[in-house]
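Read through the structure below, which is laid out as structure tokens, and then see the notes.
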Amino acid sequence: MNSFSDDKDPDNGIEIFQRINVLKLKAGGGLKDAPGQLAPQSVKNADTVVTSMATLYPKEIENILNVLNTEWETVKTMPDTADKAALAEKISNTANQIKDLAETFGYSLMAHFGTSLRDYILKTDLSCKEHFIIGQAHINVMWVAFRKNLKDDDGGAVAEELKEMVRTAIEKYS
Amino acid sequence: MNTIQKSDKSNIYSLRSFHILMVEDYEFMQQLTSGMLKAFGIGNITICNNGQEARDTLSMMANAPHGKRADIVLTDWLMPGGNGPELIKWIRNHKNDSIRFIPVIMFSAFASEDTVKAARDTGANEALVKPLSGEKLARRILSIIDFPRPFIKSPDFFGPDRRRKRNPYRGADRRKINPNDITVHNE
């Protein structure tokens, strides 16, 4: 069960474990065979899974933005004495899911705001009212991006305007 | 170099008997990723919602005499209730070989080089930055199958060799050890 040596100097010793490549055998290859491949059609099928799930994006992103709203309203009304760090972590995780989802389906503007909120919220002092303005700005622009179905974060006057709103809020209230 | 698009059918792998343990907290991404794995023909997929569930599942698999053990762990990086780095550390520090040597693919929406390095230094075999695509996911799985690296145990690390290149490395942070302090275990 345990293949480690016990008789070596634990402060200096190096152990190298050369193991039999059981996965190659399990996949139907031989140990000395050249690298193999997956059936090209199966890789295409995997991409089809992504494409087919893209139709679910609008509903899913709306759901998760609602979750974010609820978390945000909770943190806003929490007393300053409460431990807000745990909730900030939760909001960061939700923002990360937004980023993940949006990026998967090519919504780079939403992904941009998800990343920004994910990283910003953990550095924020949630007892500082000014910092709430920055968080609120993120949430507002995400809803606009969703409602206007804005996809790309490069170019486009509305996209630039939304990014500018968040940038300004960060500069002014950080 | 993996050859996903080669048309020679003689070296096409079958992953029907493979068992992948996926650790992902976001249900939508669970569905998407498991759908992709099924498209590859992977026969068994177990889904855990966080690192703690994955630990319990791996422990249960290791203790079941005839149970199906996971061949690869595919884990998200950031998750509440036990994140990816904690899980990988737990795997690599485990006393049971069937857990400790399990190949791990870390997938993350964090695209920074620091995250990829952290995954490597924690003991992940492969790192995959989201968004997922068929080709990216296939490449990581093929890399595990075709290019397994030896595991290294040093005083401060246990995991797959962090050096992928076979050429001698002359940098200041190169490995400096007395050959007498090296033990090689060949299975």
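Starting from 1 in every chain, residues are counted up; chains themselves are A, B, ... following the order of the structure tokens, and ligands are numbered from 1 as listed.
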Select, as a PyMOL selection string, those residues of chain B with any atom no more than 6 Å from chain A (distances computed using only C-alpha atoms).
chain B and resi 3-5+11-15+36+39-40+95-97+109+131+134+145-146+150-155+181-187
I want to know what sits within 8 Å of Ala145 of chain A, based on only C-alpha atoms, with residues of the same chain fewer than 5 positions away left out; could you give that as an MDAnalysis selection string?
chainID A and resid 109:110 150:151 159
Which neighbours of Arg92 of chain B fall inside 8 Å, counting only C-alpha atoms, when residues of the same chain fewer than 5 positions from it are skipped, and could you give them as a VMD selection string?
chain B and resid 99 to 101 123 158 to 159
Would you list the contacts of Lys172 of chain A as a list in words, taking every protein, DNA or RNA residue within 10 Å and counting only C-alpha atoms, but skipping same-chain residues closer than 5 positions in sequence?
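Once the nearby chain positions are removed, what remains is Glu130, His131, Ile133, Ile134, Val166 and Arg167 of chain A.
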Grab the residues selected above and save them as an mmCIF file, in the first residue's frame with N, CA and C atoms.
data_model
loop_
_atom_site.group_PDB
_atom_site.id
_atom_site.type_symbol
_atom_site.label_atom_id
_atom_site.label_comp_id
_atom_site.auth_asym_id
_atom_site.auth_seq_id
_atom_site.Cartn_x
_atom_site.Cartn_y
_atom_site.Cartn_z
ATOM 1 N N GLU A 130 -17.900 53.383 0.644
ATOM 2 C CA GLU A 130 -17.417 53.750 -0.695
ATOM 3 C C GLU A 130 -17.122 52.502 -1.534
ATOM 4 N N HIS A 131 -16.623 51.487 -0.866
ATOM 5 C CA HIS A 131 -16.287 50.270 -1.603
ATOM 6 C C HIS A 131 -17.529 49.562 -2.137
ATOM 7 N N ILE A 133 -19.881 51.012 -3.555
ATOM 8 C CA ILE A 133 -20.216 51.649 -4.843
ATOM 9 C C ILE A 133 -19.520 50.897 -5.978
ATOM 10 N N ILE A 134 -18.311 50.455 -5.702
ATOM 11 C CA ILE A 134 -17.558 49.721 -6.738
ATOM 12 C C ILE A 134 -18.225 48.369 -7.018
ATOM 13 N N VAL A 166 -16.997 51.117 -14.577
ATOM 14 C CA VAL A 166 -16.357 50.336 -13.507
ATOM 15 C C VAL A 166 -14.983 50.905 -13.184
ATOM 16 N N ARG A 167 -14.245 51.255 -14.243
ATOM 17 C CA ARG A 167 -12.899 51.835 -14.035
ATOM 18 C C ARG A 167 -12.993 53.109 -13.191
#
Return as JSON lines the residues of segment 21-97 of chain B lying at most 12 Å from segment 62-76 of chain A, together with the closest atom-to-atom pair for each and the distance in Å to one decimal, counting only C-alpha atoms, with rows in chain order and ascending residue number.
{"residue": "B:Tyr26", "atom": "CA", "partner": "A:Ile64", "partner_atom": "CA", "distance": 10.4}
{"residue": "B:Glu27", "atom": "CA", "partner": "A:Ile64", "partner_atom": "CA", "distance": 11.4}
{"residue": "B:Phe28", "atom": "CA", "partner": "A:Ile64", "partner_atom": "CA", "distance": 10.5}
Go ahead and save the picked residues with N, CA and C atoms, as a short mmCIF file (atom, residue, chain, number, x, y, z; two decimals), in the first residue's frame.
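So the final result, stored in result.cif, reads:
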data_model
loop_
_atom_site.label_atom_id
_atom_site.label_comp_id
_atom_site.auth_asym_id
_atom_site.auth_seq_id
_atom_site.Cartn_x
_atom_site.Cartn_y
_atom_site.Cartn_z
N TYR B 26 -19.90 23.91 -9.60
CA TYR B 26 -20.94 24.58 -10.37
C TYR B 26 -21.65 23.55 -11.24
N GLU B 27 -22.95 23.37 -10.96
CA GLU B 27 -23.70 22.28 -11.58
C GLU B 27 -23.72 22.37 -13.11
N PHE B 28 -23.86 23.58 -13.62
CA PHE B 28 -23.90 23.74 -15.07
C PHE B 28 -22.59 23.24 -15.70
#
For Thr124 of chain A, work out the shell of residues within 10 Å, counting only C-alpha atoms and skipping chain neighbours fewer than 4 positions away, then give it as a PDB file with all heavy atoms, in the first residue's frame.
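Saved the output as result_12.pdb:
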ATOM      1  N   ALA A  85     -16.168  38.438   5.664  1.00  0.00           N
ATOM      2  CA  ALA A  85     -15.149  37.813   4.803  1.00  0.00           C
ATOM      3  C   ALA A  85     -15.691  36.560   4.114  1.00  0.00           C
ATOM      4  O   ALA A  85     -15.433  36.330   2.932  1.00  0.00           O
ATOM      5  CB  ALA A  85     -13.917  37.477   5.618  1.00  0.00           C
ATOM      6  N   ALA A  88     -17.911  37.576   1.332  1.00  0.00           N
ATOM      7  CA  ALA A  88     -17.113  38.127   0.233  1.00  0.00           C
ATOM      8  C   ALA A  88     -16.524  36.984  -0.607  1.00  0.00           C
ATOM      9  O   ALA A  88     -16.495  37.048  -1.842  1.00  0.00           O
ATOM     10  CB  ALA A  88     -15.995  39.001   0.778  1.00  0.00           C
ATOM     11  N   ASP A 119     -11.953  39.289  -8.419  1.00  0.00           N
ATOM     12  CA  ASP A 119     -10.673  39.678  -7.826  1.00  0.00           C
ATOM     13  C   ASP A 119     -10.829  40.867  -6.890  1.00  0.00           C
ATOM     14  O   ASP A 119     -10.142  40.966  -5.880  1.00  0.00           O
ATOM     15  CB  ASP A 119      -9.653  39.998  -8.932  1.00  0.00           C
ATOM     16  CG  ASP A 119      -9.336  38.763  -9.765  1.00  0.00           C
ATOM     17  OD1 ASP A 119      -9.581  37.644  -9.273  1.00  0.00           O
ATOM     18  OD2 ASP A 119      -8.851  38.913 -10.908  1.00  0.00           O
ATOM     19  N   TYR A 120     -11.751  41.778  -7.245  1.00  0.00           N
ATOM     20  CA  TYR A 120     -11.881  43.009  -6.465  1.00  0.00           C
ATOM     21  C   TYR A 120     -12.515  42.766  -5.090  1.00  0.00           C
ATOM     22  O   TYR A 120     -12.053  43.317  -4.080  1.00  0.00           O
ATOM     23  CB  TYR A 120     -12.708  44.054  -7.226  1.00  0.00           C
ATOM     24  CG  TYR A 120     -12.739  45.347  -6.481  1.00  0.00           C
ATOM     25  CD1 TYR A 120     -11.628  46.201  -6.508  1.00  0.00           C
ATOM     26  CD2 TYR A 120     -13.809  45.691  -5.662  1.00  0.00           C
ATOM     27  CE1 TYR A 120     -11.614  47.361  -5.764  1.00  0.00           C
ATOM     28  CE2 TYR A 120     -13.795  46.854  -4.925  1.00  0.00           C
ATOM     29  CZ  TYR A 120     -12.701  47.682  -4.981  1.00  0.00           C
ATOM     30  OH  TYR A 120     -12.672  48.820  -4.237  1.00  0.00           O
ATOM     31  N   CYS A 128     -16.654  49.519   4.461  1.00  0.00           N
ATOM     32  CA  CYS A 128     -16.447  50.852   3.896  1.00  0.00           C
ATOM     33  C   CYS A 128     -17.519  51.115   2.824  1.00  0.00           C
ATOM     34  O   CYS A 128     -17.590  50.411   1.808  1.00  0.00           O
ATOM     35  CB  CYS A 128     -15.042  50.911   3.286  1.00  0.00           C
ATOM     36  SG  CYS A 128     -14.729  52.432   2.392  1.00  0.00           S
ATOM     37  N   GLU A 130     -17.900  53.383   0.644  1.00  0.00           N
ATOM     38  CA  GLU A 130     -17.417  53.750  -0.695  1.00  0.00           C
ATOM     39  C   GLU A 130     -17.122  52.502  -1.534  1.00  0.00           C
ATOM     40  O   GLU A 130     -17.359  52.477  -2.743  1.00  0.00           O
ATOM     41  CB  GLU A 130     -16.157  54.615  -0.608  1.00  0.00           C
ATOM     42  CG  GLU A 130     -16.400  56.061  -0.224  1.00  0.00           C
ATOM     43  CD  GLU A 130     -16.660  56.224   1.276  1.00  0.00           C
ATOM     44  OE1 GLU A 130     -16.367  55.268   2.036  1.00  0.00           O
ATOM     45  OE2 GLU A 130     -17.169  57.285   1.671  1.00  0.00           O
ATOM     46  N   HIS A 131     -16.623  51.487  -0.866  1.00  0.00           N
ATOM     47  CA  HIS A 131     -16.287  50.270  -1.603  1.00  0.00           C
ATOM     48  C   HIS A 131     -17.529  49.562  -2.137  1.00  0.00           C
ATOM     49  O   HIS A 131     -17.465  48.841  -3.123  1.00  0.00           O
ATOM     50  CB  HIS A 131     -15.456  49.330  -0.728  1.00  0.00           C
ATOM     51  CG  HIS A 131     -14.051  49.817  -0.536  1.00  0.00           C
ATOM     52  ND1 HIS A 131     -13.077  49.046   0.049  1.00  0.00           N
ATOM     53  CD2 HIS A 131     -13.457  50.982  -0.861  1.00  0.00           C
ATOM     54  CE1 HIS A 131     -11.947  49.730   0.090  1.00  0.00           C
ATOM     55  NE2 HIS A 131     -12.154  50.911  -0.444  1.00  0.00           N
ATOM     56  N   PHE A 132     -18.640  49.787  -1.481  1.00  0.00           N
ATOM     57  CA  PHE A 132     -19.893  49.211  -1.969  1.00  0.00           C
ATOM     58  C   PHE A 132     -20.256  49.767  -3.343  1.00  0.00           C
ATOM     59  O   PHE A 132     -20.862  49.079  -4.168  1.00  0.00           O
ATOM     60  CB  PHE A 132     -21.044  49.501  -0.996  1.00  0.00           C
ATOM     61  CG  PHE A 132     -21.134  48.481   0.097  1.00  0.00           C
ATOM     62  CD1 PHE A 132     -20.806  48.791   1.398  1.00  0.00           C
ATOM     63  CD2 PHE A 132     -21.535  47.182  -0.191  1.00  0.00           C
ATOM     64  CE1 PHE A 132     -20.883  47.844   2.404  1.00  0.00           C
ATOM     65  CE2 PHE A 132     -21.608  46.222   0.810  1.00  0.00           C
ATOM     66  CZ  PHE A 132     -21.278  46.557   2.111  1.00  0.00           C
ATOM     67  N   ILE A 134     -18.311  50.455  -5.702  1.00  0.00           N
ATOM     68  CA  ILE A 134     -17.558  49.721  -6.738  1.00  0.00           C
ATOM     69  C   ILE A 134     -18.225  48.369  -7.018  1.00  0.00           C
ATOM     70  O   ILE A 134     -18.417  47.983  -8.178  1.00  0.00           O
ATOM     71  CB  ILE A 134     -16.096  49.520  -6.298  1.00  0.00           C
ATOM     72  CG1 ILE A 134     -15.430  50.889  -6.084  1.00  0.00           C
ATOM     73  CG2 ILE A 134     -15.326  48.690  -7.327  1.00  0.00           C
ATOM     74  CD1 ILE A 134     -14.068  50.819  -5.418  1.00  0.00           C
ATOM     75  N   GLY A 135     -18.586  47.683  -5.956  1.00  0.00           N
ATOM     76  CA  GLY A 135     -19.265  46.389  -6.126  1.00  0.00           C
ATOM     77  C   GLY A 135     -20.575  46.568  -6.880  1.00  0.00           C
ATOM     78  O   GLY A 135     -20.884  45.803  -7.802  1.00  0.00           O
ATOM     79  N   SER A 174     -11.678  53.637  -4.509  1.00  0.00           N
ATOM     80  CA  SER A 174     -10.745  52.667  -3.917  1.00  0.00           C
ATOM     81  C   SER A 174      -9.969  53.305  -2.766  1.00  0.00           C
ATOM     82  O   SER A 174      -9.614  54.455  -2.839  1.00  0.00           O
ATOM     83  CB  SER A 174      -9.772  52.167  -4.957  1.00  0.00           C
ATOM     84  OG  SER A 174     -10.394  51.229  -5.766  1.00  0.00           O
TER      85      SER A 174
END
May I ask for the distance between atom CA of Glu126 of chain B and atom CA of Gly84 of chain B, given in Å to one decimal place?
12.7 Å
Could you pull out the strand (DSSP E) residues of segment 4-173 of chain A from DSSP and send them as a PyMOL selection string?
chain A and resi 14-18
Written selection (N, CA, C and O atoms) as an mmCIF file, in the first residue's frame:
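Okay, out-v2.cif is ready:
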data_model
loop_
_atom_site.group_PDB
_atom_site.id
_atom_site.type_symbol
_atom_site.label_atom_id
_atom_site.label_comp_id
_atom_site.auth_asym_id
_atom_site.auth_seq_id
_atom_site.Cartn_x
_atom_site.Cartn_y
_atom_site.Cartn_z
ATOM 1 N N ILE A 14 16.180 11.944 -2.177
ATOM 2 C CA ILE A 14 15.235 12.094 -3.287
ATOM 3 C C ILE A 14 14.828 10.693 -3.720
ATOM 4 O O ILE A 14 15.685 9.828 -3.894
ATOM 5 N N GLU A 15 13.561 10.486 -3.866
ATOM 6 C CA GLU A 15 13.101 9.200 -4.383
ATOM 7 C C GLU A 15 12.389 9.444 -5.710
ATOM 8 O O GLU A 15 11.609 10.383 -5.846
ATOM 9 N N ILE A 16 12.714 8.589 -6.666
ATOM 10 C CA ILE A 16 12.095 8.698 -7.988
ATOM 11 C C ILE A 16 11.284 7.426 -8.234
ATOM 12 O O ILE A 16 11.815 6.323 -8.094
ATOM 13 N N PHE A 17 10.047 7.604 -8.575
ATOM 14 C CA PHE A 17 9.152 6.463 -8.772
ATOM 15 C C PHE A 17 8.813 6.324 -10.253
ATOM 16 O O PHE A 17 8.130 7.170 -10.822
ATOM 17 N N GLN A 18 9.342 5.283 -10.861
ATOM 18 C CA GLN A 18 9.027 4.982 -12.263
ATOM 19 C C GLN A 18 7.927 3.930 -12.257
ATOM 20 O O GLN A 18 8.173 2.792 -11.882
#
Atom-to-atom span, atom CA of Asn49 of chain B and atom CA of Glu24 of chain B, Å:
5.2 Å
As a list of chain:residue names, please: the residues near segment 65-68 of chain B (cut-off 12 Å, only C-alpha atoms, same-chain neighbours under 6 positions excluded).
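Using only C-alpha atoms, the neighbours found are B:Ser17, B:Phe18, B:His19, B:Ile20, B:Leu21, B:Gly43, B:Asn44, B:Ile45, B:Thr46, B:Thr57, B:Leu58, B:Ser59, B:Ser98.
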Can you spit out the residues from that selection as an mmCIF file, in the first residue's frame, using C-alpha atoms?
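File result.cif, as written:
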data_model
loop_
_atom_site.group_PDB
_atom_site.id
_atom_site.type_symbol
_atom_site.label_atom_id
_atom_site.label_comp_id
_atom_site.auth_asym_id
_atom_site.auth_seq_id
_atom_site.Cartn_x
_atom_site.Cartn_y
_atom_site.Cartn_z
ATOM 1 C CA SER B 17 -12.996 1.405 -19.070
ATOM 2 C CA PHE B 18 -11.670 4.710 -17.736
ATOM 3 C CA HIS B 19 -13.082 6.177 -14.558
ATOM 4 C CA ILE B 20 -12.772 9.910 -14.051
ATOM 5 C CA LEU B 21 -13.525 11.647 -10.787
ATOM 6 C CA GLY B 43 -17.224 4.901 -19.360
ATOM 7 C CA ASN B 44 -17.363 6.006 -15.738
ATOM 8 C CA ILE B 45 -17.651 9.512 -14.395
ATOM 9 C CA THR B 46 -18.112 10.315 -10.725
ATOM 10 C CA THR B 57 -15.122 9.348 -2.387
ATOM 11 C CA LEU B 58 -11.467 8.546 -3.039
ATOM 12 C CA SER B 59 -11.102 7.077 0.463
ATOM 13 C CA SER B 98 -3.742 4.046 -5.099
#
